[in-house]
>>> print(open('work27.pdb').read())   # PDB, C-alpha atoms
MODEL        1
ATOM      1  CA  MET Z   1      -1.749  -7.639  24.948
ATOM      2  CA  LEU Z   2       1.049  -8.156  22.420
ATOM      3  CA  VAL Z   3       1.293  -5.395  19.824
ATOM      4  CA  PRO Z   4       2.407  -6.687  16.399
ATOM      5  CA  SER Z   5       5.575  -5.126  15.019
ATOM      6  CA  ARG Z   6       5.336  -2.898  11.956
ATOM      7  CA  ARG Z   7       7.185  -5.526   9.932
ATOM      8  CA  ARG Z   8       4.643  -8.156  10.950
ATOM      9  CA  LEU Z   9       1.775  -5.795  10.106
ATOM     10  CA  ARG Z  10       3.222  -5.125   6.650
ATOM     11  CA  LEU Z  11       3.548  -8.856   5.993
ATOM     12  CA  GLU Z  12       0.016  -9.420   7.225
ATOM     13  CA  VAL Z  13      -1.341  -6.727   4.884
ATOM     14  CA  TRP Z  14       0.501  -8.164   1.891
ATOM     15  CA  ILE Z  15      -0.890 -11.636   2.643
ATOM     16  CA  VAL Z  16      -4.455 -10.340   2.961
ATOM     17  CA  LEU Z  17      -4.213  -8.300  -0.233
ATOM     18  CA  GLY Z  18      -2.545 -11.160  -2.076
ATOM     19  CA  LEU Z  19      -5.517 -13.348  -1.212
ATOM     20  CA  SER Z  20      -8.144 -10.741  -2.069
ATOM     21  CA  LEU Z  21      -8.284  -7.286  -3.624
ATOM     22  CA  GLY Z  22      -4.566  -6.850  -4.215
ATOM     23  CA  GLN Z  23      -4.739  -9.913  -6.415
ATOM     24  CA  SER Z  24      -7.777  -8.412  -8.162
ATOM     25  CA  ALA Z  25      -5.818  -5.206  -8.777
ATOM     26  CA  VAL Z  26      -2.974  -7.079 -10.480
ATOM     27  CA  TYR Z  27      -5.384  -8.976 -12.716
ATOM     28  CA  SER Z  28      -7.227  -5.748 -13.442
ATOM     29  CA  VAL Z  29      -4.072  -4.024 -14.703
ATOM     30  CA  VAL Z  30      -3.234  -7.005 -16.931
ATOM     31  CA  GLN Z  31      -6.799  -7.102 -18.283
ATOM     32  CA  LEU Z  32      -6.654  -3.364 -19.025
ATOM     33  CA  LEU Z  33      -3.412  -3.796 -20.982
ATOM     34  CA  ASP Z  34      -4.926  -6.728 -22.842
ATOM     35  CA  LYS Z  35      -7.967  -4.671 -23.863
ATOM     36  CA  MET Z  36      -5.916  -1.607 -24.810
ATOM     37  CA  THR Z  37      -3.624  -3.641 -27.071
ATOM     38  CA  ARG Z  38      -6.556  -5.322 -28.826
ATOM     39  CA  ALA Z  39      -8.708  -2.309 -29.680
ATOM     40  CA  PRO Z  40      -9.649   1.147 -28.345
ATOM     41  CA  LEU Z  41     -11.132   0.957 -24.864
ATOM     42  CA  ALA Z  42     -14.433   2.345 -26.115
ATOM     43  CA  GLU Z  43     -14.863  -0.855 -28.142
ATOM     44  CA  GLY Z  44     -14.199  -3.142 -25.178
ATOM     45  CA  THR Z  45     -16.686  -4.598 -22.729
ATOM     46  CA  SER Z  46     -16.504  -5.530 -19.046
ATOM     47  CA  THR Z  47     -18.968  -8.092 -17.733
ATOM     48  CA  LEU Z  48     -19.374  -8.117 -13.952
ATOM     49  CA  ASN Z  49     -21.561 -11.172 -13.326
ATOM     50  CA  ARG Z  50     -20.969 -13.937 -15.840
ATOM     51  CA  SER Z  51     -22.737 -17.218 -16.343
ATOM     52  CA  GLN Z  52     -20.352 -20.053 -15.493
ATOM     53  CA  SER Z  53     -22.237 -23.004 -16.910
ATOM     54  CA  THR Z  54     -24.938 -23.656 -19.481
ATOM     55  CA  ARG Z  55     -26.528 -26.047 -16.972
ATOM     56  CA  GLU Z  56     -28.813 -24.141 -14.613
ATOM     57  CA  TYR Z  57     -28.021 -25.746 -11.280
ATOM     58  CA  PHE Z  58     -24.306 -26.051 -11.936
ATOM     59  CA  ASP Z  59     -24.306 -22.342 -12.764
ATOM     60  CA  LEU Z  60     -26.112 -21.659  -9.483
ATOM     61  CA  THR Z  61     -23.587 -23.808  -7.612
ATOM     62  CA  TYR Z  62     -20.619 -22.003  -9.149
ATOM     63  CA  GLN Z  63     -22.161 -18.599  -8.384
ATOM     64  CA  LEU Z  64     -22.741 -19.470  -4.723
ATOM     65  CA  LEU Z  65     -19.269 -20.995  -4.336
ATOM     66  CA  ASP Z  66     -17.704 -17.824  -5.762
ATOM     67  CA  ILE Z  67     -19.616 -15.692  -3.268
ATOM     68  CA  ILE Z  68     -18.756 -17.913  -0.292
ATOM     69  CA  PHE Z  69     -15.036 -18.264  -1.003
ATOM     70  CA  ALA Z  70     -14.657 -14.561  -1.852
ATOM     71  CA  LEU Z  71     -15.660 -13.785   1.742
ATOM     72  CA  VAL Z  72     -12.963 -15.977   3.326
ATOM     73  CA  PRO Z  73     -10.419 -13.087   3.360
ATOM     74  CA  VAL Z  74     -13.012 -11.065   5.297
ATOM     75  CA  LEU Z  75     -13.052 -13.777   7.961
ATOM     76  CA  LEU Z  76      -9.250 -13.645   7.975
ATOM     77  CA  VAL Z  77      -9.100  -9.899   8.632
ATOM     78  CA  LEU Z  78     -11.792 -10.169  11.297
ATOM     79  CA  TYR Z  79      -9.604 -12.757  12.978
ATOM     80  CA  PHE Z  80      -6.525 -10.528  12.705
ATOM     81  CA  LEU Z  81      -8.413  -7.546  14.125
ATOM     82  CA  THR Z  82      -9.912  -9.431  17.056
ATOM     83  CA  ASP Z  83      -8.179  -8.802  20.358
ATOM     84  CA  GLN Z  84      -6.890 -12.253  21.346
ATOM     85  CA  ARG Z  85      -6.325 -11.453  25.001
ATOM     86  CA  GLN Z  86      -8.661 -12.856  27.614
ATOM     87  CA  ALA Z  87     -10.572 -10.147  29.407
ATOM     88  CA  ALA Z  88     -10.053 -10.000  33.139
ATOM     89  CA  PRO Z  89     -13.113 -10.468  35.382
ATOM     90  CA  GLY Z  90     -14.896  -7.150  35.725
ATOM     91  CA  ASP Z  91     -12.899  -5.578  32.904
ATOM     92  CA  ALA Z  92     -14.903  -2.584  31.692
ATOM     93  CA  GLY Z  93     -12.574  -1.765  28.785
ATOM     94  CA  PRO Z  94     -13.552  -1.797  25.120
ATOM     95  CA  SER Z  95     -14.522  -5.101  23.605
ATOM     96  CA  GLY Z  96     -11.890  -6.888  21.533
ATOM     97  CA  SER Z  97     -14.473  -7.855  18.914
ATOM     98  CA  ALA Z  98     -13.434  -6.952  15.362
ATOM     99  CA  PHE Z  99     -17.094  -6.312  14.534
ATOM    100  CA  ARG Z 100     -17.277  -3.664  17.235
ATOM    101  CA  LYS Z 101     -13.867  -2.239  16.351
ATOM    102  CA  LEU Z 102     -14.892  -1.739  12.718
ATOM    103  CA  GLY Z 103     -18.454  -0.677  13.439
ATOM    104  CA  PHE Z 104     -19.568  -3.685  11.418
ATOM    105  CA  ASN Z 105     -22.609  -4.539  13.509
ATOM    106  CA  PHE Z 106     -26.224  -3.572  14.092
ATOM    107  CA  ALA Z 107     -25.607  -1.257  17.036
ATOM    108  CA  ARG Z 108     -27.342   1.692  15.333
ATOM    109  CA  PRO Z 109     -29.405   0.298  12.429
ATOM    110  CA  GLY Z 110     -31.531   3.376  11.760
ATOM    111  CA  ARG Z 111     -28.667   5.853  11.514
ATOM    112  CA  ASP Z 112     -26.519   3.447   9.500
ATOM    113  CA  LEU Z 113     -29.354   2.879   7.031
ATOM    114  CA  LEU Z 114     -29.971   6.615   6.586
ATOM    115  CA  GLN Z 115     -26.277   7.295   6.102
ATOM    116  CA  GLY Z 116     -26.045   4.399   3.658
ATOM    117  CA  LEU Z 117     -28.975   5.717   1.615
ATOM    118  CA  GLY Z 118     -27.470   9.202   1.550
ATOM    119  CA  LEU Z 119     -24.081   7.906   0.487
ATOM    120  CA  ALA Z 120     -25.621   5.754  -2.238
ATOM    121  CA  ALA Z 121     -27.371   8.804  -3.674
ATOM    122  CA  LEU Z 122     -24.258  10.968  -3.315
ATOM    123  CA  ILE Z 123     -22.083   8.452  -5.172
ATOM    124  CA  GLY Z 124     -24.581   6.843  -7.524
ATOM    125  CA  ILE Z 125     -25.947   9.841  -9.391
ATOM    126  CA  PRO Z 126     -22.554  11.427 -10.286
ATOM    127  CA  SER Z 127     -21.254   7.959 -11.240
ATOM    128  CA  LEU Z 128     -23.765   7.783 -14.088
ATOM    129  CA  GLY Z 129     -22.471  11.067 -15.459
ATOM    130  CA  LEU Z 130     -18.847   9.965 -15.048
ATOM    131  CA  TYR Z 131     -19.596   6.726 -16.902
ATOM    132  CA  ALA Z 132     -21.231   8.642 -19.757
ATOM    133  CA  ALA Z 133     -18.284  11.034 -19.914
ATOM    134  CA  GLY Z 134     -15.809   8.168 -19.905
ATOM    135  CA  ARG Z 135     -17.648   6.480 -22.767
ATOM    136  CA  ALA Z 136     -17.736   9.734 -24.736
ATOM    137  CA  LEU Z 137     -13.990  10.273 -24.194
ATOM    138  CA  GLY Z 138     -13.192   6.658 -25.123
ATOM    139  CA  ILE Z 139     -11.507   5.829 -21.784
ATOM    140  CA  THR Z 140     -14.195   3.511 -20.417
ATOM    141  CA  THR Z 141     -15.371   0.143 -21.695
ATOM    142  CA  ALA Z 142     -19.022  -0.752 -22.053
ATOM    143  CA  ILE Z 143     -19.995  -2.208 -18.674
ATOM    144  CA  ILE Z 144     -22.434  -5.117 -18.551
ATOM    145  CA  PRO Z 145     -23.478  -5.509 -14.888
ATOM    146  CA  SER Z 146     -25.057  -8.930 -15.433
ATOM    147  CA  ALA Z 147     -24.873 -11.601 -18.117
ATOM    148  CA  LEU Z 148     -26.623 -14.305 -16.117
ATOM    149  CA  ASP Z 149     -29.389 -16.262 -17.775
ATOM    150  CA  ALA Z 150     -32.920 -15.605 -16.528
ATOM    151  CA  TYR Z 151     -33.567 -18.266 -13.899
ATOM    152  CA  TRP Z 152     -35.664 -18.176 -10.745
ATOM    153  CA  TRP Z 153     -32.466 -17.660  -8.733
ATOM    154  CA  THR Z 154     -30.906 -14.905 -10.875
ATOM    155  CA  VAL Z 155     -32.114 -11.905  -8.843
ATOM    156  CA  PRO Z 156     -31.332 -13.444  -5.405
ATOM    157  CA  VAL Z 157     -27.842 -14.389  -6.597
ATOM    158  CA  LEU Z 158     -27.246 -10.872  -7.949
ATOM    159  CA  ILE Z 159     -28.302  -9.428  -4.579
ATOM    160  CA  LEU Z 160     -25.941 -11.813  -2.778
ATOM    161  CA  SER Z 161     -23.180 -10.862  -5.217
ATOM    162  CA  ALA Z 162     -23.751  -7.174  -4.495
ATOM    163  CA  ILE Z 163     -23.590  -7.780  -0.741
ATOM    164  CA  ARG Z 164     -20.437  -9.861  -1.220
ATOM    165  CA  HIS Z 165     -18.675  -7.023  -3.043
ATOM    166  CA  ALA Z 166     -19.815  -4.489  -0.449
ATOM    167  CA  VAL Z 167     -18.627  -6.505   2.543
ATOM    168  CA  LEU Z 168     -15.348  -7.562   0.935
ATOM    169  CA  GLU Z 169     -14.342  -4.104  -0.225
ATOM    170  CA  GLU Z 170     -15.466  -1.966   2.698
ATOM    171  CA  VAL Z 171     -14.239  -4.276   5.453
ATOM    172  CA  ILE Z 172     -10.831  -4.840   3.856
ATOM    173  CA  VAL Z 173     -10.056  -1.655   1.885
ATOM    174  CA  VAL Z 174     -11.465   0.763   4.449
ATOM    175  CA  GLY Z 175     -11.788  -0.781   7.896
ATOM    176  CA  TYR Z 176      -8.857  -3.188   7.883
ATOM    177  CA  LEU Z 177      -6.335  -1.174   5.864
ATOM    178  CA  LEU Z 178      -6.923   2.087   7.710
ATOM    179  CA  ASP Z 179      -6.439   0.243  11.007
ATOM    180  CA  ARG Z 180      -3.206  -1.394   9.843
ATOM    181  CA  PHE Z 181      -1.866   1.732   8.143
ATOM    182  CA  GLY Z 182      -2.538   3.715  11.301
ATOM    183  CA  LYS Z 183      -0.725   1.162  13.456
ATOM    184  CA  SER Z 184       2.187   1.297  10.998
ATOM    185  CA  GLY Z 185       2.568   5.017  11.645
ATOM    186  CA  TRP Z 186       1.016   6.332   8.437
ATOM    187  CA  SER Z 187      -0.711   9.699   8.432
ATOM    188  CA  THR Z 188      -4.459   9.688   7.885
ATOM    189  CA  PRO Z 189      -4.272  11.483   4.480
ATOM    190  CA  LEU Z 190      -1.684   8.980   3.215
ATOM    191  CA  ALA Z 191      -3.732   6.013   4.444
ATOM    192  CA  ILE Z 192      -6.861   7.373   2.737
ATOM    193  CA  ALA Z 193      -4.958   8.027  -0.502
ATOM    194  CA  VAL Z 194      -3.486   4.514  -0.700
ATOM    195  CA  SER Z 195      -6.792   2.885   0.232
ATOM    196  CA  SER Z 196      -8.580   4.916  -2.448
ATOM    197  CA  LEU Z 197      -5.999   4.206  -5.152
ATOM    198  CA  LEU Z 198      -6.263   0.499  -4.394
ATOM    199  CA  ARG Z 199     -10.043   0.708  -4.776
ATOM    200  CA  GLY Z 200      -9.633   2.395  -8.129
ATOM    201  CA  SER Z 201      -6.926  -0.016  -9.309
ATOM    202  CA  TYR Z 202      -9.009  -3.178  -9.089
ATOM    203  CA  HIS Z 203     -11.612  -1.492 -11.290
ATOM    204  CA  LEU Z 204      -9.086  -0.632 -14.013
ATOM    205  CA  TYR Z 205     -10.259  -3.522 -16.184
ATOM    206  CA  GLN Z 206     -13.356  -1.356 -16.815
ATOM    207  CA  GLY Z 207     -11.227   1.541 -18.042
ATOM    208  CA  PHE Z 208      -9.847   4.779 -16.641
ATOM    209  CA  GLY Z 209     -13.236   6.357 -15.948
ATOM    210  CA  PRO Z 210     -14.209   3.711 -13.360
ATOM    211  CA  PHE Z 211     -10.693   3.966 -11.880
ATOM    212  CA  ILE Z 212     -11.204   7.682 -11.266
ATOM    213  CA  GLY Z 213     -14.779   7.295 -10.049
ATOM    214  CA  ASN Z 214     -13.963   4.511  -7.608
ATOM    215  CA  ALA Z 215     -10.891   6.319  -6.313
ATOM    216  CA  ILE Z 216     -13.055   9.365  -5.541
ATOM    217  CA  MET Z 217     -15.622   7.093  -3.897
ATOM    218  CA  GLY Z 218     -12.775   5.617  -1.867
ATOM    219  CA  VAL Z 219     -11.740   9.047  -0.586
ATOM    220  CA  VAL Z 220     -15.298   9.865   0.486
ATOM    221  CA  PHE Z 221     -15.849   6.481   2.156
ATOM    222  CA  ALA Z 222     -12.479   6.395   3.911
ATOM    223  CA  TRP Z 223     -12.811   9.982   5.144
ATOM    224  CA  LEU Z 224     -16.269   9.243   6.534
ATOM    225  CA  TYR Z 225     -14.931   6.144   8.254
ATOM    226  CA  THR Z 226     -12.227   8.169  10.004
ATOM    227  CA  ARG Z 227     -15.009  10.399  11.388
ATOM    228  CA  THR Z 228     -17.480   7.704  12.436
ATOM    229  CA  ARG Z 229     -15.398   4.520  12.866
ATOM    230  CA  ARG Z 230     -18.326   2.613  11.388
ATOM    231  CA  VAL Z 231     -18.008   0.529   8.251
ATOM    232  CA  MET Z 232     -21.683  -0.548   8.219
ATOM    233  CA  PRO Z 233     -23.031   2.590   6.441
ATOM    234  CA  LEU Z 234     -20.383   2.071   3.762
ATOM    235  CA  VAL Z 235     -21.408  -1.560   3.298
ATOM    236  CA  ILE Z 236     -25.065  -0.541   3.020
ATOM    237  CA  ALA Z 237     -24.327   2.202   0.475
ATOM    238  CA  HIS Z 238     -22.077  -0.038  -1.626
ATOM    239  CA  ALA Z 239     -24.587  -2.902  -1.554
ATOM    240  CA  LEU Z 240     -27.416  -0.598  -2.633
ATOM    241  CA  LEU Z 241     -25.381   0.779  -5.545
ATOM    242  CA  ASP Z 242     -24.498  -2.700  -6.784
ATOM    243  CA  ILE Z 243     -27.992  -4.104  -6.277
ATOM    244  CA  VAL Z 244     -29.489  -1.291  -8.357
ATOM    245  CA  ALA Z 245     -26.862  -1.824 -11.079
ATOM    246  CA  PHE Z 246     -26.944  -5.635 -11.132
ATOM    247  CA  VAL Z 247     -30.649  -6.269 -10.658
ATOM    248  CA  GLY Z 248     -31.795  -3.223 -12.614
ATOM    249  CA  PHE Z 249     -29.707  -4.238 -15.622
ATOM    250  CA  SER Z 250     -30.814  -7.861 -15.378
ATOM    251  CA  LEU Z 251     -34.502  -6.946 -15.260
ATOM    252  CA  PHE Z 252     -34.644  -3.896 -17.497
ATOM    253  CA  GLY Z 253     -31.430  -3.811 -19.543
ATOM    254  CA  LYS Z 254     -32.868  -5.386 -22.666
ATOM    255  CA  ALA Z 255     -36.062  -3.347 -22.404
ATOM    256  CA  VAL Z 256     -34.087  -0.101 -22.636
ATOM    257  CA  GLY Z 257     -31.670  -1.403 -25.231
ATOM    258  CA  LEU Z 258     -28.718  -2.174 -22.953
ATOM    259  CA  GLY Z 259     -28.812  -5.947 -22.874
TER     260      GLY Z 259
ENDMDL
END
>>> encode(input="work27.pdb", output="structure tokens")
Amino acid sequence: MLVPSRRRLRLEVWIVLGLSLGQSAVYSVVQLLDKMTRAPLAEGTSTLNRSQSTREYFDLTYQLLDIIFALVPVLLVLYFLTDQRQAAPGDAGPSGSAFRKLGFNFARPGRDLLQGLGLAALIGIPSLGLYAAGRALGITTAIIPSALDAYWWTVPVLILSAIRHAVLEEVIVVGYLLDRFGKSGWSTPLAIAVSSLLRGSYHLYQGFGPFIGNAIMGVVFAWLYTRTRRVMPLVIAHALLDIVAFVGFSLFGKAVGLG
């Protein structure tokens, strides 16, 4: 099997990030500067799921297209991580599948689900306090998880959007980057730190509170991945957090004075 050079790996990482979350991080920094130069951050808002058309089925189409095309970089990294060599007959070595390499499969559904639930609780509850503190300190914008109109498809689309974010972020920022950083000779603490800072940076458009919270989440998730080599519990936890935020706000936000 040919081992890519470190230079090739660096180029590969830059391409992947330029097509996905690295691009999001750049936009996020620009959006933060835009908000800060307009008014205090406490007066700003960040809307996570926007309506894209006043026409119901065009809005649905745009939402689904966004979800589908956002996952293309995930397919790219799965391709990069797949061992391209042909296994010899009777080869009992590890599978070259990227899904197996990342632990992004259903090999242990019960344990992954329990770990995902535990992680969601561990991250979700403190995040509410951090958001409140950030708002009180004026370093966090008001976050609107969903601004979609109330259609029959709103909740399913929000669930799909949550899953999209979970898969995109955990597969690329944790599984893929830690693999590539390790092959480039980086130490594990350095790889975790850079992965976590990247996670925080593409949330900067929400303010400094979400940057800090997501960076801490990144440390916890990346550290756990180095222990288990399974990205699936991280995807489950992330999806659950976003589903509760997106769907809960959409259904109950106005009732509790948030919408």
>>> resolve_selection(input="work27.pdb", expression="the PyMOL selection byres ((chain Z and resi 120) around 9)", output="NGL selection string")
:Z and (115-119 or 121-125 or 234 or 236-241)
>>> atom_distance(input="work27.pdb", atom1="CA of Pro210 in chain Z", atom2="CA of Phe69 in chain Z")
25.2 Å
>>> residues_around(input="work27.pdb", residues="range 213-220 of chain Z", least_positions_apart="3", cutoff="7 Å", atoms="only C-alpha atoms", output="list in words")
Ile123, Ser127, Leu130, Ile192, Ala193, Ser195, Ser196, Leu197, Arg199, Gly200, Gly209, Pro210, Trp223 and Leu224 of chain Z
>>> atom_distance(input="work27.pdb", atom1="CA of Ser201 in chain Z", atom2="CA of Asn105 in chain Z")
28.1 Å
>>> closest_residue(input="work27.pdb", among="Z:Val173, Z:Arg229, Z:Ala245, Z:His203", to="Val30 in chain Z", atoms="only C-alpha atoms")
Z:His203
>>> residues_around(input="work27.pdb", residues="range 33-45 of chain Z", least_positions_apart="5", cutoff="6 Å", atoms="all atoms listed in the file", output="number ranges by chain")
Z: 138-143
>>> residues_near_point(input="work27.pdb", point="(-10.8, -7.5, -1.8)", cutoff="10 Å", atoms="only C-alpha atoms", output="PyMOL selection string")
chain Z and resi 16-25+70-71+73-74+164-173+198-199+202
